[in-house]
file coords_35.txt (compact mmCIF, C-alpha atoms)
# COMPACT_ATOMS: atom_id res chain seq x y z
CA MET B 838 -48.05 -40.53 -69.37
CA PRO B 839 -49.20 -37.34 -67.58
CA LYS B 840 -47.15 -34.22 -68.23
CA THR B 841 -46.07 -31.53 -65.77
CA SER B 842 -48.14 -28.37 -65.42
CA GLN B 843 -45.49 -26.36 -67.26
CA GLU B 844 -45.45 -28.83 -70.15
CA ILE B 845 -49.23 -28.60 -70.42
CA PHE B 846 -49.18 -24.80 -70.35
CA THR B 847 -46.57 -24.91 -73.13
CA LEU B 848 -48.86 -27.13 -75.22
CA PHE B 849 -51.71 -24.67 -74.71
CA GLN B 850 -49.52 -21.71 -75.67
CA ASN B 851 -48.08 -23.43 -78.75
CA LEU B 852 -51.55 -24.29 -80.03
CA HIS B 853 -52.78 -20.75 -79.38
CA THR B 854 -49.77 -19.38 -81.31
CA LYS B 855 -50.35 -21.82 -84.18
CA ILE B 856 -53.99 -20.79 -84.55
CA GLN B 857 -53.08 -17.10 -84.45
CA LYS B 858 -50.61 -17.63 -87.31
CA ILE B 859 -53.21 -19.54 -89.32
CA LYS B 860 -55.63 -16.64 -88.96
CA GLN B 861 -52.97 -14.06 -89.86
CA ASN B 862 -52.09 -15.96 -93.04
CA SER B 863 -55.68 -16.68 -94.00
CA GLN B 864 -56.86 -15.57 -97.44
CA TYR B 865 -60.46 -15.57 -96.22
CA PRO B 866 -62.31 -12.67 -94.53
CA GLU B 867 -63.24 -12.86 -90.84
CA ASP B 868 -66.90 -13.55 -91.60
CA ASP B 869 -66.07 -16.54 -93.79
CA ASN B 870 -66.23 -19.78 -91.81
CA ARG B 871 -62.96 -20.94 -93.40
CA ASN B 872 -61.34 -18.27 -91.23
CA HIS B 873 -63.83 -17.91 -88.39
CA ILE B 874 -63.61 -21.57 -87.30
CA PHE B 875 -60.04 -21.03 -86.08
CA GLY B 876 -61.02 -17.98 -84.04
CA VAL B 877 -63.82 -19.76 -82.18
CA LEU B 878 -61.62 -22.79 -81.51
CA ASP B 879 -58.90 -20.49 -80.19
CA SER B 880 -61.36 -18.86 -77.79
CA GLN B 881 -62.09 -22.31 -76.35
CA ILE B 882 -58.37 -23.02 -75.99
CA VAL B 883 -57.86 -19.75 -74.09
CA PHE B 884 -60.80 -20.53 -71.81
CA LEU B 885 -59.59 -24.07 -71.08
CA THR B 886 -56.14 -22.67 -70.30
CA MET B 887 -57.76 -20.44 -67.65
CA ILE B 888 -59.60 -23.43 -66.17
CA PHE B 889 -56.39 -25.44 -66.03
CA HIS B 890 -54.66 -22.50 -64.34
CA ILE B 891 -57.37 -22.53 -61.65
CA LEU B 892 -56.89 -26.27 -61.11
CA ASP B 893 -53.13 -25.86 -61.00
CA SER B 894 -53.47 -23.02 -58.48
CA GLN B 895 -55.57 -25.32 -56.32
CA HIS B 896 -52.72 -27.84 -56.31
CA MET B 897 -50.31 -25.10 -55.26
CA ALA B 898 -52.66 -24.03 -52.47
CA GLN B 899 -52.73 -27.60 -51.18
CA LYS B 900 -48.93 -27.65 -51.09
CA GLU B 901 -48.66 -24.11 -49.67
CA PRO B 902 -51.90 -23.32 -47.78
CA LYS B 903 -50.78 -19.76 -47.05
CA GLN B 904 -51.53 -18.91 -50.69
CA MET B 905 -55.23 -19.45 -50.04
CA ASP B 906 -57.35 -18.98 -46.95
CA PRO B 907 -59.39 -22.20 -46.69
CA MET B 908 -61.66 -20.71 -44.00
CA LEU B 909 -62.52 -17.76 -46.24
CA PHE B 910 -63.26 -20.12 -49.15
CA HIS B 911 -65.47 -22.22 -46.86
CA ALA B 912 -67.34 -19.14 -45.69
CA VAL B 913 -68.08 -18.07 -49.26
CA VAL B 914 -69.03 -21.37 -50.93
CA GLY B 915 -69.83 -23.55 -47.91
CA MET B 916 -67.14 -26.17 -48.51
CA SER B 917 -63.41 -26.66 -48.34
CA ALA B 918 -61.35 -25.83 -51.41
CA TYR B 919 -59.36 -28.98 -50.71
CA GLU B 920 -62.16 -31.53 -50.99
CA PRO B 921 -61.02 -34.06 -53.66
CA TRP B 922 -64.36 -34.15 -55.45
CA VAL B 923 -64.10 -30.40 -56.21
CA GLU B 924 -61.11 -30.91 -58.48
CA THR B 925 -62.67 -34.04 -60.02
CA GLU B 926 -65.87 -32.20 -60.89
CA LEU B 927 -63.97 -29.20 -62.28
CA GLN B 928 -61.95 -31.49 -64.52
CA VAL B 929 -64.95 -33.47 -65.77
CA ILE B 930 -67.16 -30.44 -66.36
CA SER B 931 -64.45 -28.36 -68.05
CA LYS B 932 -63.38 -31.21 -70.34
CA MET B 933 -66.97 -32.12 -71.21
CA SER B 934 -67.83 -28.51 -72.01
CA PHE B 935 -64.66 -28.00 -74.05
CA ILE B 936 -65.06 -31.19 -76.07
CA THR B 937 -68.77 -30.58 -76.68
CA MET B 938 -68.26 -26.97 -77.81
CA CYS B 939 -65.30 -27.75 -80.07
CA ASN B 940 -67.05 -30.72 -81.65
CA PHE B 941 -70.18 -28.66 -82.25
CA MET B 942 -68.16 -25.86 -83.88
CA ILE B 943 -66.31 -28.28 -86.16
CA GLU B 944 -69.52 -30.08 -87.13
CA ASN B 945 -71.18 -26.75 -87.92
CA PHE B 946 -68.16 -25.75 -90.00
CA PHE B 947 -68.33 -28.92 -92.08
CA LYS B 948 -72.07 -28.54 -92.64
CA THR B 949 -71.73 -24.94 -93.81
CA LEU B 950 -68.83 -25.91 -96.08
CA LEU B 951 -70.76 -28.83 -97.52
CA SER B 952 -73.77 -26.57 -98.14
CA LYS B 953 -71.78 -24.88 -100.92
CA SER B 954 -70.81 -28.14 -102.62
CA THR B 955 -72.69 -30.46 -104.96
CA THR B 956 -72.87 -33.16 -102.27
CA ASN B 957 -74.81 -31.21 -99.66
CA ASN B 958 -77.37 -33.98 -99.12
CA THR B 959 -74.92 -36.05 -97.05
CA THR B 960 -76.16 -36.87 -93.53
CA GLY B 961 -74.49 -38.23 -90.41
CA TYR B 962 -71.50 -36.50 -88.84
CA TYR B 963 -68.88 -39.09 -89.82
CA ASN B 964 -70.19 -39.22 -93.40
CA ILE B 965 -70.17 -35.42 -93.58
CA LEU B 966 -66.59 -35.01 -92.36
CA LYS B 967 -65.38 -37.84 -94.63
CA GLU B 968 -67.16 -36.17 -97.55
CA ILE B 969 -65.35 -32.92 -96.76
CA CYS B 970 -62.01 -34.73 -96.59
CA ASN B 971 -62.74 -36.35 -99.95
CA LEU B 972 -63.96 -33.07 -101.44
CA SER B 973 -60.78 -31.26 -100.41
CA GLN B 974 -58.65 -34.16 -101.70
CA ILE B 975 -56.36 -34.12 -98.68
CA SER B 976 -54.07 -37.09 -98.06
CA ASP B 977 -54.89 -40.03 -95.74
CA VAL B 978 -58.63 -39.37 -95.70
CA GLU B 979 -59.46 -42.39 -93.52
CA GLN B 980 -56.84 -41.55 -90.89
CA LYS B 981 -57.68 -37.85 -90.76
CA SER B 982 -61.42 -38.51 -90.63
CA ASN B 983 -60.79 -40.78 -87.65
CA VAL B 984 -58.65 -38.17 -85.91
CA ILE B 985 -61.46 -35.63 -86.12
CA TYR B 986 -64.10 -38.18 -85.16
CA THR B 987 -62.12 -39.11 -82.03
CA LEU B 988 -63.31 -35.83 -80.53
CA ALA B 989 -66.92 -36.90 -81.14
CA LEU B 990 -66.25 -40.27 -79.50
CA TYR B 991 -65.05 -38.49 -76.35
CA ARG B 992 -68.08 -36.22 -76.42
CA ASN B 993 -70.43 -39.19 -76.66
CA ALA B 994 -68.61 -41.08 -73.91
CA MET B 995 -68.65 -38.12 -71.52
CA HIS B 996 -72.37 -37.72 -72.10
CA ASN B 997 -72.64 -41.38 -71.00
CA ASN B 998 -70.81 -40.74 -67.71
CA GLY B 999 -67.51 -41.59 -69.40
CA ILE B 1000 -68.67 -44.95 -70.79
CA HIS B 1001 -67.98 -45.67 -74.47
CA LEU B 1002 -71.33 -46.80 -75.89
CA PRO B 1003 -71.06 -46.54 -79.69
CA THR B 1004 -74.26 -46.40 -81.72
CA HIS B 1005 -72.62 -48.20 -84.65
CA SER B 1006 -70.58 -51.39 -84.66
CA THR B 1007 -67.79 -49.60 -86.53
CA TRP B 1008 -66.80 -47.92 -83.27
CA ASN B 1009 -67.22 -50.85 -80.85
CA ASP B 1010 -63.49 -50.84 -80.18
CA PHE B 1011 -61.36 -48.07 -81.57
CA SER B 1012 -57.89 -46.68 -80.96
CA ILE B 1013 -55.64 -44.14 -82.59
CA THR B 1014 -52.11 -42.95 -81.80
CA LEU B 1015 -50.89 -39.40 -82.34
CA GLY B 1016 -47.21 -39.00 -81.55
CA ASN B 1017 -46.75 -40.41 -78.04
CA SER B 1018 -50.43 -40.14 -77.16
CA SER B 1019 -52.88 -43.03 -77.54
CA PHE B 1020 -56.65 -42.64 -77.57
CA VAL B 1021 -58.42 -45.91 -76.77
CA PHE B 1022 -62.14 -46.74 -76.70
CA SER B 1023 -63.58 -50.11 -75.62
CA LYS B 1024 -67.31 -50.75 -75.80
CA GLY B 1025 -68.96 -50.62 -72.40
CA ARG B 1026 -65.84 -49.38 -70.62
CA LYS B 1027 -65.07 -46.03 -69.09
CA THR B 1028 -62.63 -43.79 -70.91
CA GLY B 1029 -60.95 -40.54 -69.97
CA ILE B 1030 -58.44 -38.06 -71.30
CA PHE B 1031 -55.60 -36.00 -69.79
CA PHE B 1032 -55.52 -32.26 -70.43
CA SER B 1033 -52.26 -32.73 -72.32
CA ASP B 1034 -53.72 -35.39 -74.64
CA LEU B 1035 -56.81 -33.26 -75.21
CA VAL B 1036 -54.64 -30.38 -76.44
CA ILE B 1037 -52.56 -32.76 -78.58
CA LEU B 1038 -55.75 -34.13 -80.17
CA LEU B 1039 -57.04 -30.66 -80.99
CA ASP B 1040 -53.61 -29.63 -82.28
CA ASN B 1041 -53.80 -32.47 -84.82
CA ILE B 1042 -57.37 -31.52 -85.72
CA VAL B 1043 -56.35 -27.89 -86.29
CA ASP B 1044 -53.62 -29.07 -88.69
CA ILE B 1045 -56.20 -31.07 -90.64
CA LEU B 1046 -58.65 -28.15 -90.75
CA ASP B 1047 -55.83 -25.90 -91.98
CA GLU B 1048 -55.04 -28.40 -94.73
CA ILE B 1049 -58.71 -28.55 -95.72
CA VAL B 1050 -59.29 -24.79 -95.98
CA ASN B 1051 -56.10 -24.38 -98.00
CA ALA B 1052 -56.90 -27.19 -100.43
CA GLN B 1053 -57.40 -25.86 -103.96
CA GLU B 1054 -60.86 -27.41 -104.23
CA ILE B 1055 -61.96 -25.46 -101.13
CA LYS B 1056 -60.27 -22.25 -102.28
CA ASN B 1057 -62.20 -22.58 -105.54
CA ILE B 1058 -65.48 -22.04 -103.69
CA SER B 1059 -65.94 -18.39 -104.54
CA GLU B 1060 -69.03 -17.86 -102.38
CA LYS B 1061 -68.49 -16.82 -98.79
CA ILE B 1062 -68.96 -19.75 -96.40
CA PRO B 1063 -71.57 -18.66 -93.82
CA LEU B 1064 -70.85 -18.92 -90.11
CA THR B 1065 -73.94 -21.03 -89.43
CA LEU B 1066 -76.57 -22.91 -91.38
CA GLU B 1067 -79.05 -20.34 -90.11
CA ASN B 1068 -77.23 -17.73 -92.21
CA ILE B 1069 -77.91 -19.87 -95.29
CA GLN B 1070 -81.62 -20.01 -94.57
CA GLU B 1071 -81.77 -16.24 -94.13
CA GLN B 1072 -80.20 -15.52 -97.53
call {"tool": "encode", "arguments": {"input": "coords_35.txt", "output": "structure tokens"}}
result
Amino acid sequence: MPKTSQEIFTLFQNLHTKIQKIKQNSQYPEDDNRNHIFGVLDSQIVFLTMIFHILDSQHMAQKEPKQMDPMLFHAVVGMSAYEPWVETELQVISKMSFITMCNFMIENFFKTLLSKSTTNNTTGYYNILKEICNLSQISDVEQKSNVIYTLALYRNAMHNNGIHLPTHSTWNDFSITLGNSSFVFSKGRKTGIFFSDLVILLDNIVDILDEIVNAQEIKNISEKIPLTLENIQEQ
């Protein structure tokens, strides 16, 4: 069920605060990816909050046109600020960009972490993240691997115009529930996600990442985890 704008802003703020606390309590230096990953994810959260604020302001302008001069907007960009497709495109593009960037950052983090382990020949994103969950010995590996991979499923669907077209039969039909939010994928069908559910999904992922970096097996890696695989090649 969609939440109010204020409820969504609160979700954004709570996640931002959580990540800031994780970074403050981190035992790792800033240039270690076990710390850095939270900073780059937080920057995406802040940016998406700004985008949502713009969309919310557009709603307010529709309700109270005096807050925005539609003729001025039309003169600058050649279209009305109130055209429905404008908001639709802003939502799709912002969500696609956010999901793609966050998924890329998390995948890069897992690859750099795995590069310092004895199982660094693992390939395939799902195999890599499951290997990391196993390596760190966190609880509920299957469930937590699926939570993280849900972000990748959204990324893949959005790159297919919102259609869920899994490349492996394992993901033909998939669903997962986090609190009161359900994330459902059916092969060949369009899927979408509310801003509120997107923040809730990332909030759960951040908790899992925090558990991973604080696992004793990960703390025992004495070498600094590079920020990218390119850093490894340069050493």
call {"tool": "residues_around", "arguments": {"input": "coords_35.txt", "residues": "stretch 957-968 of chain B", "least_positions_apart": "3", "cutoff": "12 Å", "atoms": "all atoms listed in the file", "output": "compact mmCIF listing (two decimals) with C-alpha atoms, keeping the file's coordinate frame"}}
result
# COMPACT_ATOMS: atom_id res chain seq x y z
CA ASN B 940 -67.05 -30.72 -81.65
CA PHE B 941 -70.18 -28.66 -82.25
CA ILE B 943 -66.31 -28.28 -86.16
CA GLU B 944 -69.52 -30.08 -87.13
CA ASN B 945 -71.18 -26.75 -87.92
CA PHE B 946 -68.16 -25.75 -90.00
CA PHE B 947 -68.33 -28.92 -92.08
CA LYS B 948 -72.07 -28.54 -92.64
CA THR B 949 -71.73 -24.94 -93.81
CA LEU B 950 -68.83 -25.91 -96.08
CA LEU B 951 -70.76 -28.83 -97.52
CA SER B 952 -73.77 -26.57 -98.14
CA LYS B 953 -71.78 -24.88 -100.92
CA SER B 954 -70.81 -28.14 -102.62
CA ASN B 971 -62.74 -36.35 -99.95
CA LEU B 972 -63.96 -33.07 -101.44
CA SER B 973 -60.78 -31.26 -100.41
CA GLN B 974 -58.65 -34.16 -101.70
CA ILE B 975 -56.36 -34.12 -98.68
CA SER B 976 -54.07 -37.09 -98.06
CA ASP B 977 -54.89 -40.03 -95.74
CA VAL B 978 -58.63 -39.37 -95.70
CA GLU B 979 -59.46 -42.39 -93.52
CA GLN B 980 -56.84 -41.55 -90.89
CA LYS B 981 -57.68 -37.85 -90.76
CA SER B 982 -61.42 -38.51 -90.63
CA ASN B 983 -60.79 -40.78 -87.65
CA VAL B 984 -58.65 -38.17 -85.91
CA ILE B 985 -61.46 -35.63 -86.12
CA TYR B 986 -64.10 -38.18 -85.16
CA THR B 987 -62.12 -39.11 -82.03
CA LEU B 988 -63.31 -35.83 -80.53
CA ALA B 989 -66.92 -36.90 -81.14
CA LEU B 990 -66.25 -40.27 -79.50
CA THR B 1004 -74.26 -46.40 -81.72
CA HIS B 1005 -72.62 -48.20 -84.65
CA THR B 1007 -67.79 -49.60 -86.53
CA TRP B 1008 -66.80 -47.92 -83.27
CA ILE B 1042 -57.37 -31.52 -85.72
CA ILE B 1045 -56.20 -31.07 -90.64
CA LEU B 1046 -58.65 -28.15 -90.75
CA ILE B 1049 -58.71 -28.55 -95.72
CA LEU B 1066 -76.57 -22.91 -91.38
call {"tool": "atom_distance", "arguments": {"input": "coords_35.txt", "atom1": "atom CA of B:Lys858", "atom2": "atom CA of B:Val1036"}}
result
17.2 Å
call {"tool": "atom_distance", "arguments": {"input": "coords_35.txt", "atom1": "atom CA of B:Glu1054", "atom2": "atom CA of B:Met942"}}
result
21.7 Å
call {"tool": "closest_residue", "arguments": {"input": "coords_35.txt", "among": "B:Ser934, B:Ser1033, B:Asn993, B:Ser880", "to": "B:Phe846", "atoms": "only C-alpha atoms"}}
result
B:Ser1033
call {"tool": "closest_residue", "arguments": {"input": "coords_35.txt", "among": "B:Ile1037, B:Ile859, B:Ile874, B:Val1043", "to": "B:Ile845", "atoms": "all atoms listed in the file"}}
result
B:Ile1037
call {"tool": "closest_residue", "arguments": {"input": "coords_35.txt", "among": "B:Asn872, B:Leu885, B:Pro1063, B:Asp1034", "to": "B:Val1050", "atoms": "all atoms listed in the file"}}
result
B:Asn872
call {"tool": "atom_distance", "arguments": {"input": "coords_35.txt", "atom1": "atom CA of B:Asn870", "atom2": "atom CA of B:Glu1060"}}
result
11.1 Å
call {"tool": "closest_residue", "arguments": {"input": "coords_35.txt", "among": "B:Pro1003, B:Gly1016, B:Gly1025, B:Gly876", "to": "B:Lys855", "atoms": "all atoms listed in the file"}}
result
B:Gly876
call {"tool": "residues_near_point", "arguments": {"input": "coords_35.txt", "point": "(-55.0, -45.1, -80.0)", "cutoff": "12 Å", "atoms": "all atoms listed in the file", "output": "PyMOL selection string"}}
result
chain B and resi 980+983-984+987+1010-1023+1028+1030+1034+1038
call {"tool": "closest_residue", "arguments": {"input": "coords_35.txt", "among": "B:Ser863, B:Leu1039, B:His873, B:Asp893", "to": "B:Leu848", "atoms": "all atoms listed in the file"}}
result
B:Leu1039
